[in-house]
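Just below is one structure, and these are the notes that go with it.
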Amino acid sequence: YFIMLYIFLNLWQYIYSDPSEVINGYTMSQMIWYVIFTEILWGTLAGRKLCKKIANDVRGGNIAYNINKPYNYVGYSLATHLGDCSIRFVMYLVLGILVGLLFLGSIPGIGILEFLGVVLTMILATVISSLLVIGIGLLSFVIEDSNPFYWLYSKFILVIGTIFPIEYFPKFIQPFLSLSPIFVVCYGPAKLFVNFTIDGFITVLLAQIAYIIIAWLVCSLLYKKGVKNLNVNGG
């Protein structure tokens, strides 16, 4: 994590010939803090492990043991994964802030309440990311192996979402990116940290709530349909 941030620090120092220069609405300090926080969110998720576990449960038949258990499989998978994420989240958050202070010497002007709001959006971003990965894993009910789809999703978020803010892309693409998971899982929380506004916070929060509801419904539908097919085919 430290090495990755060090590489990006040198990259943005090269791009910004003057630290006070503003490119697409971001100073060098804001841009580096943006990358730090998106990398915190990315490092917290560890989605490959979650997707692989669910895909293996479906393909290996282990999910059959969970069908009659008195709990919701989607909720169980989400709660278990968030338990692991909580440890990584604290670790990466502390490490990321320390690295930012080491490199830049200061943090953006943000109050305690605003920072707590950013942390709330980061938690919701992790919930959304986990649900999206669970949904991808449950695609194994339909296709033989869903791991390639996770690879595509992860590269989409990593390459487009964590390195550059939406403002760095052509204007005709920005509306589509604002509706994509990038807005709620990485761009929104990171943008709030470097430039917090009440309107921006409300927009991100409402978008995240909508994504959680939709992602939960899709995951539940995929699971119920998959279980129905298992029962029809005798397991």
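The chains in the structure tokens are called A, B, ... from first to last as shown; in each chain the residues are counted from 1, and the ligands are counted from 1 in the order shown.
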Tell me, as a CSV table (one decimal) with all heavy atoms, in the first residue's frame, which residues lie within 10 Å of Phe89 of chain A, counting only C-alpha atoms; anything in the same chain fewer than 3 positions away does not count.
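And here is the file that came out, result_10.csv:
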chain,number,residue,atom,x,y,z
A,40,ILE,N,-7.8,3.3,0.0
A,40,ILE,CA,-8.3,2.8,1.3
A,40,ILE,C,-9.5,1.9,1.0
A,40,ILE,O,-9.6,0.8,1.5
A,40,ILE,CB,-8.6,3.9,2.3
A,40,ILE,CG1,-7.3,4.6,2.8
A,40,ILE,CG2,-9.4,3.4,3.5
A,40,ILE,CD1,-7.6,5.9,3.6
A,41,LEU,N,-10.4,2.4,0.3
A,41,LEU,CA,-11.7,1.7,0.0
A,41,LEU,C,-11.4,0.4,-0.8
A,41,LEU,O,-12.0,-0.6,-0.6
A,41,LEU,CB,-12.6,2.6,-0.8
A,41,LEU,CG,-13.2,3.8,0.0
A,41,LEU,CD1,-13.9,4.8,-0.9
A,41,LEU,CD2,-14.2,3.2,1.0
A,42,TRP,N,-10.4,0.5,-1.8
A,42,TRP,CA,-10.1,-0.6,-2.6
A,42,TRP,C,-9.4,-1.7,-1.8
A,42,TRP,O,-9.7,-2.9,-1.9
A,42,TRP,CB,-9.2,-0.2,-3.8
A,42,TRP,CG,-8.9,-1.4,-4.7
A,42,TRP,CD1,-7.6,-1.9,-4.8
A,42,TRP,CD2,-9.7,-2.1,-5.5
A,42,TRP,NE1,-7.7,-3.0,-5.7
A,42,TRP,CE2,-9.0,-3.1,-6.2
A,42,TRP,CE3,-11.1,-2.0,-5.8
A,42,TRP,CZ2,-9.5,-4.0,-7.1
A,42,TRP,CZ3,-11.6,-2.9,-6.7
A,42,TRP,CH2,-10.8,-3.9,-7.3
A,43,GLY,N,-8.5,-1.3,-0.9
A,43,GLY,CA,-7.8,-2.2,-0.1
A,43,GLY,C,-8.6,-2.9,1.0
A,43,GLY,O,-8.4,-4.0,1.4
A,44,THR,N,-9.7,-2.2,1.4
A,44,THR,CA,-10.6,-2.7,2.4
A,44,THR,C,-11.4,-3.8,1.9
A,44,THR,O,-11.7,-4.8,2.6
A,44,THR,CB,-11.5,-1.6,3.0
A,44,THR,OG1,-10.7,-0.6,3.6
A,44,THR,CG2,-12.5,-2.1,4.0
A,45,LEU,N,-11.8,-3.7,0.6
A,45,LEU,CA,-12.8,-4.7,0.1
A,45,LEU,C,-12.3,-6.1,0.0
A,45,LEU,O,-13.0,-7.0,0.5
A,45,LEU,CB,-13.2,-4.2,-1.3
A,45,LEU,CG,-14.2,-5.1,-2.0
A,45,LEU,CD1,-15.5,-5.2,-1.2
A,45,LEU,CD2,-14.5,-4.6,-3.5
A,82,LEU,N,-18.2,-8.2,5.9
A,82,LEU,CA,-18.0,-6.9,6.6
A,82,LEU,C,-17.2,-7.1,7.9
A,82,LEU,O,-16.5,-6.1,8.3
A,82,LEU,CB,-19.4,-6.3,6.8
A,82,LEU,CG,-20.1,-5.8,5.6
A,82,LEU,CD1,-21.5,-5.2,6.0
A,82,LEU,CD2,-19.3,-4.8,4.8
A,84,ASP,N,-14.7,-9.0,8.3
A,84,ASP,CA,-13.3,-9.0,7.9
A,84,ASP,C,-12.9,-7.6,7.4
A,84,ASP,O,-11.8,-7.1,7.7
A,84,ASP,CB,-13.0,-10.0,6.7
A,84,ASP,CG,-13.2,-11.4,7.2
A,84,ASP,OD1,-13.0,-11.7,8.4
A,84,ASP,OD2,-13.5,-12.3,6.3
A,85,CYS,N,-13.8,-6.9,6.7
A,85,CYS,CA,-13.6,-5.6,6.2
A,85,CYS,C,-13.3,-4.5,7.3
A,85,CYS,O,-12.5,-3.6,7.1
A,85,CYS,CB,-14.7,-5.1,5.3
A,85,CYS,SG,-14.8,-5.9,3.7
A,86,SER,N,-14.0,-4.7,8.4
A,86,SER,CA,-13.9,-3.7,9.5
A,86,SER,C,-12.5,-3.6,10.0
A,86,SER,O,-12.0,-2.5,10.3
A,86,SER,CB,-14.9,-4.1,10.6
A,86,SER,OG,-14.5,-5.3,11.2
A,92,TYR,N,-6.3,0.4,7.1
A,92,TYR,CA,-6.0,1.2,5.9
A,92,TYR,C,-6.3,2.7,6.2
A,92,TYR,O,-5.6,3.6,5.7
A,92,TYR,CB,-6.8,0.7,4.7
A,92,TYR,CG,-6.1,-0.5,4.0
A,92,TYR,CD1,-6.6,-1.8,4.2
A,92,TYR,CD2,-5.0,-0.3,3.2
A,92,TYR,CE1,-6.0,-2.8,3.5
A,92,TYR,CE2,-4.4,-1.3,2.6
A,92,TYR,CZ,-4.9,-2.6,2.7
A,92,TYR,OH,-4.3,-3.7,2.1
A,93,LEU,N,-7.3,3.0,6.9
A,93,LEU,CA,-7.6,4.4,7.2
A,93,LEU,C,-6.5,5.1,8.0
A,93,LEU,O,-6.1,6.2,7.6
A,93,LEU,CB,-9.0,4.5,8.0
A,93,LEU,CG,-9.5,5.9,8.3
A,93,LEU,CD1,-9.8,6.6,7.0
A,93,LEU,CD2,-10.7,5.8,9.1
A,94,VAL,N,-6.1,4.4,9.1
A,94,VAL,CA,-5.0,5.0,9.9
A,94,VAL,C,-3.7,5.1,9.1
A,94,VAL,O,-3.1,6.1,9.1
A,94,VAL,CB,-4.8,4.1,11.1
A,94,VAL,CG1,-3.5,4.6,11.9
A,94,VAL,CG2,-6.0,4.2,12.0
A,95,LEU,N,-3.4,4.0,8.3
A,95,LEU,CA,-2.2,4.0,7.5
A,95,LEU,C,-2.2,5.1,6.4
A,95,LEU,O,-1.3,5.8,6.2
A,95,LEU,CB,-1.9,2.6,6.9
A,95,LEU,CG,-0.7,2.5,6.1
A,95,LEU,CD1,0.6,2.8,6.9
A,95,LEU,CD2,-0.6,1.1,5.5
A,122,MET,N,-17.9,6.0,3.5
A,122,MET,CA,-17.0,5.0,3.2
A,122,MET,C,-17.5,3.6,3.6
A,122,MET,O,-17.3,2.6,2.9
A,122,MET,CB,-15.6,5.3,3.9
A,122,MET,CG,-14.9,6.5,3.3
A,122,MET,SD,-13.4,7.0,4.2
A,122,MET,CE,-12.3,5.7,3.6
A,123,ILE,N,-18.2,3.6,4.8
A,123,ILE,CA,-18.8,2.3,5.2
A,123,ILE,C,-19.8,1.8,4.3
A,123,ILE,O,-19.9,0.7,3.9
A,123,ILE,CB,-19.3,2.5,6.7
A,123,ILE,CG1,-18.2,2.8,7.7
A,123,ILE,CG2,-20.1,1.3,7.1
A,123,ILE,CD1,-18.7,3.2,9.0
A,126,THR,N,-18.4,0.4,1.2
A,126,THR,CA,-17.9,-1.0,1.4
A,126,THR,C,-19.1,-2.0,1.3
A,126,THR,O,-18.9,-3.1,0.8
A,126,THR,CB,-17.1,-1.1,2.7
A,126,THR,OG1,-16.1,-0.1,2.7
A,126,THR,CG2,-16.6,-2.5,2.9
Return as a tab-separated table the residues of segment 35-133 of chain A lying at most 10 Å from segment 4-25 of chain A, together with the closest atom-to-atom pair for each and the distance in Å to one decimal, counting only C-alpha atoms, with rows in chain order and ascending residue number.
residue	atom	partner	partner_atom	distance
A:Val35	CA	A:Phe8	CA	7.8
A:Ile36	CA	A:Leu5	CA	6.8
A:Glu39	CA	A:Leu5	CA	8.3
A:Gly96	CA	A:Leu5	CA	8.7
A:Val99	CA	A:Leu5	CA	8.1
A:Gly100	CA	A:Leu5	CA	8.8
A:Phe103	CA	A:Leu9	CA	7.9
A:Leu104	CA	A:Leu9	CA	9.5
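Here atom CA of Cys51 of chain A stands at a distance of 18.7 Å from atom CA of Ile214 of chain A.
Distance annotation: of A:Leu116, A:Met28, A:Ile128, A:Val133, the residue with the minimal separation from Lys49 of chain A is A:Val133; atom set is only C-alpha atoms.
In this model, the gap between atom CA of Ile110 of chain A and atom CA of Phe196 of chain A comes to 7.2 Å.
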- Query: Got a sec to tell me which of segment 30-81 of chain A DSSP assigns to helix (DSSP H, G or I), as a ChimeraX atom specification?
  - Reply: /A:30-45,47-60,62-65,73-81
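Rounded to one decimal, atom CA of Phe141 of chain A and atom CA of Ser180 of chain A lie 24.4 Å from each other.
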